[in-house]
file my_file27.pdb (PDB, C-alpha atoms)
ATOM      1  CA  MET A1084     182.105 155.122  41.538  1.00  0.00           C
ATOM      2  CA  GLN A1085     179.280 152.656  40.979  1.00  0.00           C
ATOM      3  CA  ARG A1086     179.006 152.042  44.732  1.00  0.00           C
ATOM      4  CA  LEU A1087     178.695 155.774  45.279  1.00  0.00           C
ATOM      5  CA  LYS A1088     175.856 156.041  42.771  1.00  0.00           C
ATOM      6  CA  THR A1089     174.127 153.036  44.325  1.00  0.00           C
ATOM      7  CA  ALA A1090     174.471 154.528  47.823  1.00  0.00           C
ATOM      8  CA  LYS A1091     173.138 157.875  46.579  1.00  0.00           C
ATOM      9  CA  LYS A1092     170.141 156.244  44.953  1.00  0.00           C
ATOM     10  CA  THR A1093     169.463 154.145  48.071  1.00  0.00           C
ATOM     11  CA  ILE A1094     169.582 157.190  50.353  1.00  0.00           C
ATOM     12  CA  GLN A1095     167.289 159.127  48.046  1.00  0.00           C
ATOM     13  CA  LYS A1096     164.781 156.281  47.838  1.00  0.00           C
ATOM     14  CA  LEU A1097     164.814 155.835  51.613  1.00  0.00           C
ATOM     15  CA  THR A1098     164.236 159.552  52.082  1.00  0.00           C
ATOM     16  CA  TYR A1099     161.413 159.532  49.548  1.00  0.00           C
ATOM     17  CA  TYR A1100     159.631 156.569  51.148  1.00  0.00           C
ATOM     18  CA  VAL A1101     159.990 157.954  54.685  1.00  0.00           C
ATOM     19  CA  CYS A1102     158.508 161.232  53.493  1.00  0.00           C
ATOM     20  CA  ALA A1103     155.679 159.364  51.744  1.00  0.00           C
ATOM     21  CA  VAL A1104     154.859 157.569  54.986  1.00  0.00           C
ATOM     22  CA  SER A1105     154.882 160.858  56.881  1.00  0.00           C
ATOM     23  CA  MET A1106     152.511 162.400  54.331  1.00  0.00           C
ATOM     24  CA  PHE A1107     149.903 159.774  55.149  1.00  0.00           C
ATOM     25  CA  ILE A1108     149.871 161.143  58.693  1.00  0.00           C
ATOM     26  CA  LEU A1109     148.260 164.291  57.266  1.00  0.00           C
ATOM     27  CA  ILE A1110     145.055 162.397  56.425  1.00  0.00           C
ATOM     28  CA  PRO A1111     144.093 161.403  59.995  1.00  0.00           C
ATOM     29  CA  MET A1112     145.274 164.805  61.231  1.00  0.00           C
ATOM     30  CA  MET A1113     142.929 166.462  58.752  1.00  0.00           C
ATOM     31  CA  PHE A1114     139.974 164.265  59.777  1.00  0.00           C
ATOM     32  CA  ILE A1115     140.545 164.714  63.507  1.00  0.00           C
ATOM     33  CA  THR A1116     140.785 168.481  63.145  1.00  0.00           C
ATOM     34  CA  THR A1117     137.733 168.647  60.874  1.00  0.00           C
ATOM     35  CA  PHE A1118     135.575 166.523  63.191  1.00  0.00           C
ATOM     36  CA  ASP A1119     136.717 168.533  66.189  1.00  0.00           C
ATOM     37  CA  VAL A1120     135.797 171.825  64.506  1.00  0.00           C
ATOM     38  CA  ILE A1121     132.413 170.467  63.395  1.00  0.00           C
ATOM     39  CA  GLY A1122     131.759 169.102  66.883  1.00  0.00           C
ATOM     40  CA  ARG A1123     132.650 172.405  68.524  1.00  0.00           C
ATOM     41  CA  SER A1124     130.671 174.500  66.050  1.00  0.00           C
ATOM     42  CA  PHE A1125     127.442 172.507  65.763  1.00  0.00           C
ATOM     43  CA  PHE A1126     127.191 170.196  68.764  1.00  0.00           C
ATOM     44  CA  SER A1127     129.159 172.047  71.483  1.00  0.00           C
ATOM     45  CA  TRP A1128     131.497 169.121  72.150  1.00  0.00           C
ATOM     46  CA  SER A1129     135.063 168.402  71.168  1.00  0.00           C
ATOM     47  CA  ILE A1130     137.273 165.363  70.760  1.00  0.00           C
ATOM     48  CA  ALA A1131     139.550 164.966  73.775  1.00  0.00           C
ATOM     49  CA  GLY A1132     143.227 165.273  72.943  1.00  0.00           C
ATOM     50  CA  THR A1133     142.807 166.717  69.451  1.00  0.00           C
ATOM     51  CA  ILE A1134     145.452 169.356  70.036  1.00  0.00           C
ATOM     52  CA  GLU A1135     147.922 166.789  71.411  1.00  0.00           C
ATOM     53  CA  LEU A1136     147.344 164.385  68.526  1.00  0.00           C
ATOM     54  CA  SER A1137     147.640 167.173  65.966  1.00  0.00           C
ATOM     55  CA  ARG A1138     150.857 168.369  67.580  1.00  0.00           C
ATOM     56  CA  TYR A1139     152.405 164.887  67.504  1.00  0.00           C
ATOM     57  CA  MET A1140     151.277 164.207  63.939  1.00  0.00           C
ATOM     58  CA  LEU A1141     152.651 167.548  62.802  1.00  0.00           C
ATOM     59  CA  ALA A1142     155.990 166.711  64.419  1.00  0.00           C
ATOM     60  CA  ILE A1143     156.088 163.473  62.425  1.00  0.00           C
ATOM     61  CA  VAL A1144     155.312 165.240  59.161  1.00  0.00           C
ATOM     62  CA  ILE A1145     157.900 167.968  59.696  1.00  0.00           C
ATOM     63  CA  LEU A1146     160.748 165.860  61.051  1.00  0.00           C
ATOM     64  CA  LEU A1147     160.405 163.120  58.458  1.00  0.00           C
ATOM     65  CA  GLY A1148     159.934 165.607  55.622  1.00  0.00           C
ATOM     66  CA  LEU A1149     163.105 167.633  56.218  1.00  0.00           C
ATOM     67  CA  ALA A1150     165.384 165.289  54.295  1.00  0.00           C
ATOM     68  CA  TYR A1151     163.085 165.054  51.298  1.00  0.00           C
ATOM     69  CA  THR A1152     162.828 168.833  51.195  1.00  0.00           C
ATOM     70  CA  GLN A1153     166.635 168.927  51.036  1.00  0.00           C
ATOM     71  CA  GLN A1154     166.605 166.289  48.316  1.00  0.00           C
ATOM     72  CA  VAL A1155     164.344 168.344  46.047  1.00  0.00           C
ATOM     73  CA  LYS A1156     166.135 171.590  47.016  1.00  0.00           C
ATOM     74  CA  GLY A1157     163.023 172.979  48.678  1.00  0.00           C
ATOM     75  CA  HIS A1158     164.782 174.749  51.533  1.00  0.00           C
ATOM     76  CA  PRO A1159     165.200 178.505  51.021  1.00  0.00           C
ATOM     77  CA  ARG A1160     168.523 179.612  49.586  1.00  0.00           C
ATOM     78  CA  VAL A1161     169.925 183.091  49.287  1.00  0.00           C
ATOM     79  CA  THR A1162     172.198 183.175  46.256  1.00  0.00           C
ATOM     80  CA  VAL A1163     172.285 186.873  45.423  1.00  0.00           C
ATOM     81  CA  LEU A1164     176.011 187.178  46.045  1.00  0.00           C
ATOM     82  CA  ALA A1165     177.091 183.630  45.233  1.00  0.00           C
ATOM     83  CA  SER A1166     175.433 183.688  41.802  1.00  0.00           C
ATOM     84  CA  LYS A1167     177.900 186.398  40.713  1.00  0.00           C
ATOM     85  CA  PHE A1168     180.912 184.098  41.268  1.00  0.00           C
ATOM     86  CA  PRO A1169     182.339 181.663  38.726  1.00  0.00           C
ATOM     87  CA  LEU A1170     180.926 178.125  38.792  1.00  0.00           C
ATOM     88  CA  LYS A1171     183.937 176.628  40.602  1.00  0.00           C
ATOM     89  CA  ALA A1172     183.666 179.223  43.369  1.00  0.00           C
ATOM     90  CA  GLN A1173     179.957 178.479  43.664  1.00  0.00           C
ATOM     91  CA  LEU A1174     180.729 174.783  44.032  1.00  0.00           C
ATOM     92  CA  ILE A1175     183.286 175.536  46.757  1.00  0.00           C
ATOM     93  CA  ILE A1176     180.688 177.658  48.580  1.00  0.00           C
ATOM     94  CA  GLU A1177     178.159 174.840  48.229  1.00  0.00           C
ATOM     95  CA  ILE A1178     180.659 172.346  49.677  1.00  0.00           C
ATOM     96  CA  LEU A1179     181.352 174.645  52.628  1.00  0.00           C
ATOM     97  CA  MET A1180     177.631 175.175  53.247  1.00  0.00           C
ATOM     98  CA  ASN A1181     176.996 171.435  53.121  1.00  0.00           C
ATOM     99  CA  LEU A1182     179.803 170.849  55.627  1.00  0.00           C
ATOM    100  CA  LEU A1183     178.376 173.526  57.915  1.00  0.00           C
ATOM    101  CA  GLY A1184     174.894 172.060  57.534  1.00  0.00           C
ATOM    102  CA  MET A1185     176.190 168.574  58.312  1.00  0.00           C
ATOM    103  CA  PHE A1186     177.901 169.894  61.444  1.00  0.00           C
ATOM    104  CA  ILE A1187     174.705 171.588  62.653  1.00  0.00           C
ATOM    105  CA  VAL A1188     172.551 168.560  61.834  1.00  0.00           C
ATOM    106  CA  ALA A1189     175.028 166.260  63.617  1.00  0.00           C
ATOM    107  CA  ILE A1190     174.526 168.326  66.773  1.00  0.00           C
ATOM    108  CA  PHE A1191     170.776 168.174  66.138  1.00  0.00           C
ATOM    109  CA  VAL A1192     170.895 164.347  65.893  1.00  0.00           C
ATOM    110  CA  TRP A1193     173.112 164.007  68.957  1.00  0.00           C
ATOM    111  CA  GLN A1194     170.994 166.282  71.141  1.00  0.00           C
ATOM    112  CA  GLY A1195     167.802 164.637  69.879  1.00  0.00           C
ATOM    113  CA  TRP A1196     169.203 161.290  70.972  1.00  0.00           C
ATOM    114  CA  VAL A1197     170.223 162.671  74.362  1.00  0.00           C
ATOM    115  CA  LEU A1198     166.806 164.272  74.830  1.00  0.00           C
ATOM    116  CA  ALA A1199     164.987 161.076  73.875  1.00  0.00           C
ATOM    117  CA  HIS A1200     166.998 158.875  76.235  1.00  0.00           C
ATOM    118  CA  GLY A1201     167.396 161.250  79.171  1.00  0.00           C
ATOM    119  CA  ARG A1202     165.050 161.884  82.061  1.00  0.00           C
ATOM    120  CA  ALA A1203     162.514 163.301  79.638  1.00  0.00           C
ATOM    121  CA  ALA A1204     161.985 159.838  78.105  1.00  0.00           C
ATOM    122  CA  ALA A1205     159.326 159.061  80.704  1.00  0.00           C
ATOM    123  CA  ILE A1206     157.269 162.206  80.010  1.00  0.00           C
ATOM    124  CA  VAL A1207     153.718 161.615  78.794  1.00  0.00           C
ATOM    125  CA  SER A1208     151.143 163.980  77.339  1.00  0.00           C
ATOM    126  CA  ASP A1209     148.634 165.692  79.615  1.00  0.00           C
ATOM    127  CA  VAL A1210     145.296 164.457  78.273  1.00  0.00           C
ATOM    128  CA  LEU A1211     145.907 161.194  76.416  1.00  0.00           C
ATOM    129  CA  ARG A1212     148.983 160.071  78.399  1.00  0.00           C
ATOM    130  CA  ILE A1213     150.952 159.321  75.201  1.00  0.00           C
ATOM    131  CA  SER A1214     154.662 158.784  75.738  1.00  0.00           C
ATOM    132  CA  GLN A1215     156.820 161.466  74.147  1.00  0.00           C
ATOM    133  CA  TYR A1216     159.754 159.084  73.701  1.00  0.00           C
ATOM    134  CA  PRO A1217     159.038 158.010  70.089  1.00  0.00           C
ATOM    135  CA  PHE A1218     158.414 161.582  69.002  1.00  0.00           C
ATOM    136  CA  ARG A1219     161.632 162.788  70.602  1.00  0.00           C
ATOM    137  CA  LEU A1220     163.456 159.934  68.896  1.00  0.00           C
ATOM    138  CA  LEU A1221     162.113 161.202  65.569  1.00  0.00           C
ATOM    139  CA  VAL A1222     164.321 164.259  65.995  1.00  0.00           C
ATOM    140  CA  SER A1223     167.351 161.995  65.630  1.00  0.00           C
ATOM    141  CA  ALA A1224     165.825 159.855  62.881  1.00  0.00           C
ATOM    142  CA  GLY A1225     164.772 162.832  60.764  1.00  0.00           C
ATOM    143  CA  GLY A1226     168.101 164.542  61.417  1.00  0.00           C
ATOM    144  CA  ALA A1227     170.032 161.432  60.389  1.00  0.00           C
ATOM    145  CA  LEU A1228     168.173 161.319  57.068  1.00  0.00           C
ATOM    146  CA  LEU A1229     168.848 165.031  56.552  1.00  0.00           C
ATOM    147  CA  PHE A1230     172.530 164.426  57.337  1.00  0.00           C
ATOM    148  CA  LEU A1231     172.650 161.698  54.664  1.00  0.00           C
ATOM    149  CA  GLU A1232     171.001 163.981  52.110  1.00  0.00           C
ATOM    150  CA  LEU A1233     173.528 166.725  52.887  1.00  0.00           C
ATOM    151  CA  LEU A1234     176.286 164.133  52.483  1.00  0.00           C
ATOM    152  CA  VAL A1235     174.905 163.197  49.058  1.00  0.00           C
ATOM    153  CA  ASP A1236     174.862 166.889  48.100  1.00  0.00           C
ATOM    154  CA  LEU A1237     178.413 167.311  49.393  1.00  0.00           C
ATOM    155  CA  ILE A1238     179.715 164.362  47.383  1.00  0.00           C
ATOM    156  CA  THR A1239     177.835 165.528  44.281  1.00  0.00           C
ATOM    157  CA  ALA A1240     179.262 169.052  44.551  1.00  0.00           C
ATOM    158  CA  ALA A1241     182.778 167.723  45.196  1.00  0.00           C
ATOM    159  CA  GLY A1242     182.483 165.430  42.174  1.00  0.00           C
ATOM    160  CA  ARG A1243     181.366 168.335  39.996  1.00  0.00           C
ATOM    161  CA  LEU A1244     184.237 170.453  41.310  1.00  0.00           C
ATOM    162  CA  LEU A1245     186.785 167.777  40.427  1.00  0.00           C
ATOM    163  CA  GLU A1246     185.452 167.285  36.876  1.00  0.00           C
ATOM    164  CA  ARG A1247     187.541 168.720  34.077  1.00  0.00           C
ATOM    165  CA  GLU A1248     184.568 170.562  32.615  1.00  0.00           C
ATOM    166  CA  PRO A1249     181.834 170.984  35.246  1.00  0.00           C
ATOM    167  CA  ALA A1250     178.284 171.117  33.947  1.00  0.00           C
ATOM    168  CA  LYS A1251     177.193 174.644  33.126  1.00  0.00           C
ATOM    169  CA  THR A1252     174.190 174.592  35.470  1.00  0.00           C
ATOM    170  CA  ARG A1253     174.443 176.457  38.718  1.00  0.00           C
ATOM    171  CA  PRO A1254     174.862 174.316  41.854  1.00  0.00           C
ATOM    172  CA  ASN A1255     171.476 175.285  43.263  1.00  0.00           C
ATOM    173  CA  GLU A1256     169.609 174.510  40.022  1.00  0.00           C
ATOM    174  CA  THR A1257     170.092 170.762  40.177  1.00  0.00           C
ATOM    175  CA  PHE A1258     167.037 168.686  40.916  1.00  0.00           C
ATOM    176  CA  THR A1259     167.184 164.999  41.640  1.00  0.00           C
ATOM    177  CA  ARG A1260     164.464 162.774  42.939  1.00  0.00           C
ATOM    178  CA  ALA A1261     164.414 159.079  43.677  1.00  0.00           C
ATOM    179  CA  ASP A1262     162.075 157.220  41.330  1.00  0.00           C
TER     180      ASP A1262
END

call {"tool": "encode", "arguments": {"input": "my_file27.pdb", "output": "structure tokens"}}
result
Amino acid sequence: MQRLKTAKKTIQKLTYYVCAVSMFILIPMMFITTFDVIGRSFFSWSIAGTIELSRYMLAIVILLGLAYTQQVKGHPRVTVLASKFPLKAQLIIEILMNLLGMFIVAIFVWQGWVLAHGRAAAIVSDVLRISQYPFRLLVSAGGALLFLELLVDLITAAGRLLEREPAKTRPNETFTRAD
């Protein structure tokens, strides 16, 4: 049980730090966009490749932030029907949804890997000639972190289901964050 808690804490810390790194990408994206808008508005010139750079930076932020959003339960949930069920039924539904999510994310990771290493690996951007390979590989990396977070949620829900007296909070009201 101690190993499970250690693994959970490690996954959550890894997810938190990866998301923190991705958040720092927002700063240069903000500056590039701001300078491009100022240049276009006042001086009639623009920075070459601003749209490409912004697109790539946004991909980093989104793909590396998915797992952290799952960790803090930030993804939208529709619990209108499930909230009417007893707590054990809600936990079973949560386990099934986590399994379904893990299945979908596993396909996401697999296809991201295939896409990154296929013929498309040699594709470069139009203006700046930046290779798309690392950004396509981020699909798998971000998906793998999301898969681990869903696994943590699955194990947590299964543990709560197997307890003699599960905690009285609803499954979707739990909030954990790596410190």

call {"tool": "closest_atom_pairs", "arguments": {"input": "my_file27.pdb", "of": "segment 1099-1193 of chain A", "to": "segment 1222-1235 of chain A", "cutoff": "9 Å", "atoms": "all atoms listed in the file", "output": "Markdown table"}}
result
| residue | atom | partner | partner_atom | distance |
| --- | --- | --- | --- | --- |
| A:Ala1142 | CA | A:Val1222 | CA | 8.8 |
| A:Ile1143 | CA | A:Gly1225 | CA | 8.9 |
| A:Ile1145 | CA | A:Gly1225 | CA | 8.6 |
| A:Leu1146 | CA | A:Gly1225 | CA | 5.0 |
| A:Leu1147 | CA | A:Gly1225 | CA | 4.9 |
| A:Gly1148 | CA | A:Gly1225 | CA | 7.6 |
| A:Leu1149 | CA | A:Leu1229 | CA | 6.3 |
| A:Ala1150 | CA | A:Leu1229 | CA | 4.1 |
| A:Tyr1151 | CA | A:Leu1229 | CA | 7.8 |
| A:Thr1152 | CA | A:Leu1229 | CA | 8.9 |
| A:Gln1153 | CA | A:Glu1232 | CA | 6.7 |
| A:Gln1154 | CA | A:Glu1232 | CA | 6.2 |
| A:Asn1181 | CA | A:Leu1233 | CA | 5.9 |
| A:Leu1182 | CA | A:Leu1233 | CA | 8.0 |
| A:Gly1184 | CA | A:Leu1233 | CA | 7.2 |
| A:Met1185 | CA | A:Phe1230 | CA | 5.6 |
| A:Phe1186 | CA | A:Phe1230 | CA | 8.7 |
| A:Val1188 | CA | A:Gly1226 | CA | 6.0 |
| A:Ala1189 | CA | A:Phe1230 | CA | 7.0 |
| A:Phe1191 | CA | A:Gly1226 | CA | 6.5 |
| A:Val1192 | CA | A:Ser1223 | CA | 4.3 |
| A:Trp1193 | CA | A:Ser1223 | CA | 7.0 |

call {"tool": "atom_distance", "arguments": {"input": "my_file27.pdb", "atom1": "atom CA of Met1113 of chain A", "atom2": "atom CA of Ala1205 of chain A"}}
result
28.4 Å

call {"tool": "axis_aligned_box", "arguments": {"input": "my_file27.pdb", "around": "segment 1232-1236 of chain A", "padding_each_side": "5 Å", "output": "lines of an AutoDock Vina configuration file"}}
result
center_x = 173.6
center_y = 165.0
center_z = 50.5
size_x = 15.3
size_y = 13.7
size_z = 14.8

call {"tool": "residues_around", "arguments": {"input": "my_file27.pdb", "residues": "Tyr1100 of chain A", "least_positions_apart": "2", "cutoff": "12 Å", "atoms": "all atoms listed in the file", "output": "JSON, numbers by chain"}}
result
{"A": [1093, 1094, 1095, 1096, 1097, 1098, 1102, 1103, 1104, 1105, 1106, 1107, 1147, 1148, 1150, 1151, 1228, 1260, 1261, 1262]}

call {"tool": "resolve_selection", "arguments": {"input": "my_file27.pdb", "expression": "the PyMOL selection byres ((chain A and resi 1200) around 12)", "output": "ChimeraX atom specification"}}
result
/A:1193-1199,1201-1206,1215-1223

call {"tool": "atom_distance", "arguments": {"input": "my_file27.pdb", "atom1": "atom CA of Leu1211 of chain A", "atom2": "atom CA of Tyr1139 of chain A"}}
result
11.6 Å

call {"tool": "atom_distance", "arguments": {"input": "my_file27.pdb", "atom1": "atom CA of Phe1168 of chain A", "atom2": "atom CA of Leu1087 of chain A"}}
result
28.7 Å

call {"tool": "resolve_selection", "arguments": {"input": "my_file27.pdb", "expression": "the PyMOL selection byres ((chain A and resi 1177) around 10)", "output": "PDB file with C-alpha atoms, in the frame of the given file"}}
result
ATOM      1  CA  ALA A1165     177.091 183.630  45.233  1.00  0.00           C
ATOM      2  CA  LYS A1171     183.937 176.628  40.602  1.00  0.00           C
ATOM      3  CA  ALA A1172     183.666 179.223  43.369  1.00  0.00           C
ATOM      4  CA  GLN A1173     179.957 178.479  43.664  1.00  0.00           C
ATOM      5  CA  LEU A1174     180.729 174.783  44.032  1.00  0.00           C
ATOM      6  CA  ILE A1175     183.286 175.536  46.757  1.00  0.00           C
ATOM      7  CA  ILE A1176     180.688 177.658  48.580  1.00  0.00           C
ATOM      8  CA  ILE A1178     180.659 172.346  49.677  1.00  0.00           C
ATOM      9  CA  LEU A1179     181.352 174.645  52.628  1.00  0.00           C
ATOM     10  CA  MET A1180     177.631 175.175  53.247  1.00  0.00           C
ATOM     11  CA  ASN A1181     176.996 171.435  53.121  1.00  0.00           C
ATOM     12  CA  LEU A1182     179.803 170.849  55.627  1.00  0.00           C
ATOM     13  CA  LEU A1183     178.376 173.526  57.915  1.00  0.00           C
ATOM     14  CA  ASP A1236     174.862 166.889  48.100  1.00  0.00           C
ATOM     15  CA  LEU A1237     178.413 167.311  49.393  1.00  0.00           C
ATOM     16  CA  ALA A1240     179.262 169.052  44.551  1.00  0.00           C
ATOM     17  CA  ALA A1241     182.778 167.723  45.196  1.00  0.00           C
ATOM     18  CA  PRO A1254     174.862 174.316  41.854  1.00  0.00           C
ATOM     19  CA  ASN A1255     171.476 175.285  43.263  1.00  0.00           C
TER      20      ASN A1255
END

call {"tool": "decode", "arguments": {"input": "my_file27.pdb", "residues": "segment 1158-1189 of chain A", "atoms": "N, CA and C atoms", "output": "PDB file, in the first residue's frame"}}
result
ATOM      1  N   HIS A1158     -11.454  18.878 -15.908  1.00  0.00           N
ATOM      2  CA  HIS A1158     -12.188  18.534 -17.122  1.00  0.00           C
ATOM      3  C   HIS A1158     -13.686  18.552 -16.816  1.00  0.00           C
ATOM      4  N   PRO A1159     -14.504  18.947 -17.775  1.00  0.00           N
ATOM      5  CA  PRO A1159     -15.953  18.992 -17.531  1.00  0.00           C
ATOM      6  C   PRO A1159     -16.517  17.603 -17.230  1.00  0.00           C
ATOM      7  N   ARG A1160     -17.442  17.566 -16.305  1.00  0.00           N
ATOM      8  CA  ARG A1160     -18.118  16.318 -15.953  1.00  0.00           C
ATOM      9  C   ARG A1160     -19.617  16.585 -15.915  1.00  0.00           C
ATOM     10  N   VAL A1161     -20.365  15.638 -16.407  1.00  0.00           N
ATOM     11  CA  VAL A1161     -21.814  15.733 -16.350  1.00  0.00           C
ATOM     12  C   VAL A1161     -22.268  14.671 -15.359  1.00  0.00           C
ATOM     13  N   THR A1162     -22.745  15.126 -14.208  1.00  0.00           N
ATOM     14  CA  THR A1162     -23.100  14.183 -13.140  1.00  0.00           C
ATOM     15  C   THR A1162     -24.555  14.308 -12.727  1.00  0.00           C
ATOM     16  N   VAL A1163     -25.391  14.812 -13.610  1.00  0.00           N
ATOM     17  CA  VAL A1163     -26.797  15.010 -13.276  1.00  0.00           C
ATOM     18  C   VAL A1163     -27.451  13.691 -12.885  1.00  0.00           C
ATOM     19  N   LEU A1164     -27.250  12.669 -13.676  1.00  0.00           N
ATOM     20  CA  LEU A1164     -27.859  11.374 -13.399  1.00  0.00           C
ATOM     21  C   LEU A1164     -27.073  10.604 -12.343  1.00  0.00           C
ATOM     22  N   ALA A1165     -25.767  10.583 -12.462  1.00  0.00           N
ATOM     23  CA  ALA A1165     -24.942   9.789 -11.557  1.00  0.00           C
ATOM     24  C   ALA A1165     -25.031  10.282 -10.111  1.00  0.00           C
ATOM     25  N   SER A1166     -25.261  11.562  -9.910  1.00  0.00           N
ATOM     26  CA  SER A1166     -25.332  12.083  -8.538  1.00  0.00           C
ATOM     27  C   SER A1166     -26.555  11.575  -7.781  1.00  0.00           C
ATOM     28  N   LYS A1167     -27.526  11.022  -8.469  1.00  0.00           N
ATOM     29  CA  LYS A1167     -28.729  10.483  -7.826  1.00  0.00           C
ATOM     30  C   LYS A1167     -28.513   9.066  -7.291  1.00  0.00           C
ATOM     31  N   PHE A1168     -27.449   8.402  -7.740  1.00  0.00           N
ATOM     32  CA  PHE A1168     -27.169   7.021  -7.324  1.00  0.00           C
ATOM     33  C   PHE A1168     -26.485   6.987  -5.965  1.00  0.00           C
ATOM     34  N   PRO A1169     -26.520   5.825  -5.306  1.00  0.00           N
ATOM     35  CA  PRO A1169     -25.761   5.677  -4.063  1.00  0.00           C
ATOM     36  C   PRO A1169     -24.257   5.801  -4.342  1.00  0.00           C
ATOM     37  N   LEU A1170     -23.487   6.055  -3.288  1.00  0.00           N
ATOM     38  CA  LEU A1170     -22.057   6.307  -3.430  1.00  0.00           C
ATOM     39  C   LEU A1170     -21.322   5.143  -4.083  1.00  0.00           C
ATOM     40  N   LYS A1171     -21.660   3.914  -3.726  1.00  0.00           N
ATOM     41  CA  LYS A1171     -20.984   2.754  -4.333  1.00  0.00           C
ATOM     42  C   LYS A1171     -21.254   2.678  -5.834  1.00  0.00           C
ATOM     43  N   ALA A1172     -22.467   2.971  -6.254  1.00  0.00           N
ATOM     44  CA  ALA A1172     -22.777   2.977  -7.680  1.00  0.00           C
ATOM     45  C   ALA A1172     -22.013   4.090  -8.388  1.00  0.00           C
ATOM     46  N   GLN A1173     -21.882   5.231  -7.734  1.00  0.00           N
ATOM     47  CA  GLN A1173     -21.106   6.324  -8.319  1.00  0.00           C
ATOM     48  C   GLN A1173     -19.641   5.929  -8.487  1.00  0.00           C
ATOM     49  N   LEU A1174     -19.108   5.219  -7.520  1.00  0.00           N
ATOM     50  CA  LEU A1174     -17.720   4.767  -7.612  1.00  0.00           C
ATOM     51  C   LEU A1174     -17.552   3.760  -8.745  1.00  0.00           C
ATOM     52  N   ILE A1175     -18.525   2.888  -8.918  1.00  0.00           N
ATOM     53  CA  ILE A1175     -18.468   1.917 -10.031  1.00  0.00           C
ATOM     54  C   ILE A1175     -18.512   2.660 -11.367  1.00  0.00           C
ATOM     55  N   ILE A1176     -19.378   3.667 -11.473  1.00  0.00           N
ATOM     56  CA  ILE A1176     -19.450   4.466 -12.697  1.00  0.00           C
ATOM     57  C   ILE A1176     -18.117   5.184 -12.937  1.00  0.00           C
ATOM     58  N   GLU A1177     -17.538   5.712 -11.874  1.00  0.00           N
ATOM     59  CA  GLU A1177     -16.244   6.395 -12.015  1.00  0.00           C
ATOM     60  C   GLU A1177     -15.156   5.426 -12.487  1.00  0.00           C
ATOM     61  N   ILE A1178     -15.156   4.220 -11.962  1.00  0.00           N
ATOM     62  CA  ILE A1178     -14.183   3.205 -12.393  1.00  0.00           C
ATOM     63  C   ILE A1178     -14.374   2.885 -13.875  1.00  0.00           C
ATOM     64  N   LEU A1179     -15.620   2.700 -14.284  1.00  0.00           N
ATOM     65  CA  LEU A1179     -15.890   2.408 -15.698  1.00  0.00           C
ATOM     66  C   LEU A1179     -15.472   3.570 -16.602  1.00  0.00           C
ATOM     67  N   MET A1180     -15.735   4.794 -16.172  1.00  0.00           N
ATOM     68  CA  MET A1180     -15.352   5.956 -16.973  1.00  0.00           C
ATOM     69  C   MET A1180     -13.839   6.099 -17.058  1.00  0.00           C
ATOM     70  N   ASN A1181     -13.150   5.796 -15.964  1.00  0.00           N
ATOM     71  CA  ASN A1181     -11.687   5.839 -15.990  1.00  0.00           C
ATOM     72  C   ASN A1181     -11.132   4.769 -16.923  1.00  0.00           C
ATOM     73  N   LEU A1182     -11.726   3.582 -16.903  1.00  0.00           N
ATOM     74  CA  LEU A1182     -11.277   2.525 -17.822  1.00  0.00           C
ATOM     75  C   LEU A1182     -11.516   2.929 -19.280  1.00  0.00           C
ATOM     76  N   LEU A1183     -12.676   3.498 -19.551  1.00  0.00           N
ATOM     77  CA  LEU A1183     -12.968   3.970 -20.902  1.00  0.00           C
ATOM     78  C   LEU A1183     -12.002   5.082 -21.310  1.00  0.00           C
ATOM     79  N   GLY A1184     -11.761   6.009 -20.407  1.00  0.00           N
ATOM     80  CA  GLY A1184     -10.816   7.090 -20.677  1.00  0.00           C
ATOM     81  C   GLY A1184      -9.415   6.564 -20.925  1.00  0.00           C
ATOM     82  N   MET A1185      -8.998   5.575 -20.151  1.00  0.00           N
ATOM     83  CA  MET A1185      -7.668   4.990 -20.338  1.00  0.00           C
ATOM     84  C   MET A1185      -7.570   4.303 -21.693  1.00  0.00           C
ATOM     85  N   PHE A1186      -8.644   3.642 -22.110  1.00  0.00           N
ATOM     86  CA  PHE A1186      -8.658   2.983 -23.415  1.00  0.00           C
ATOM     87  C   PHE A1186      -8.507   4.019 -24.534  1.00  0.00           C
ATOM     88  N   ILE A1187      -9.275   5.097 -24.452  1.00  0.00           N
ATOM     89  CA  ILE A1187      -9.221   6.144 -25.475  1.00  0.00           C
ATOM     90  C   ILE A1187      -7.851   6.820 -25.485  1.00  0.00           C
ATOM     91  N   VAL A1188      -7.316   7.112 -24.317  1.00  0.00           N
ATOM     92  CA  VAL A1188      -6.009   7.765 -24.237  1.00  0.00           C
ATOM     93  C   VAL A1188      -4.903   6.827 -24.716  1.00  0.00           C
ATOM     94  N   ALA A1189      -5.048   5.521 -24.479  1.00  0.00           N
ATOM     95  CA  ALA A1189      -4.053   4.569 -24.987  1.00  0.00           C
ATOM     96  C   ALA A1189      -4.011   4.606 -26.514  1.00  0.00           C
TER      97      ALA A1189
END
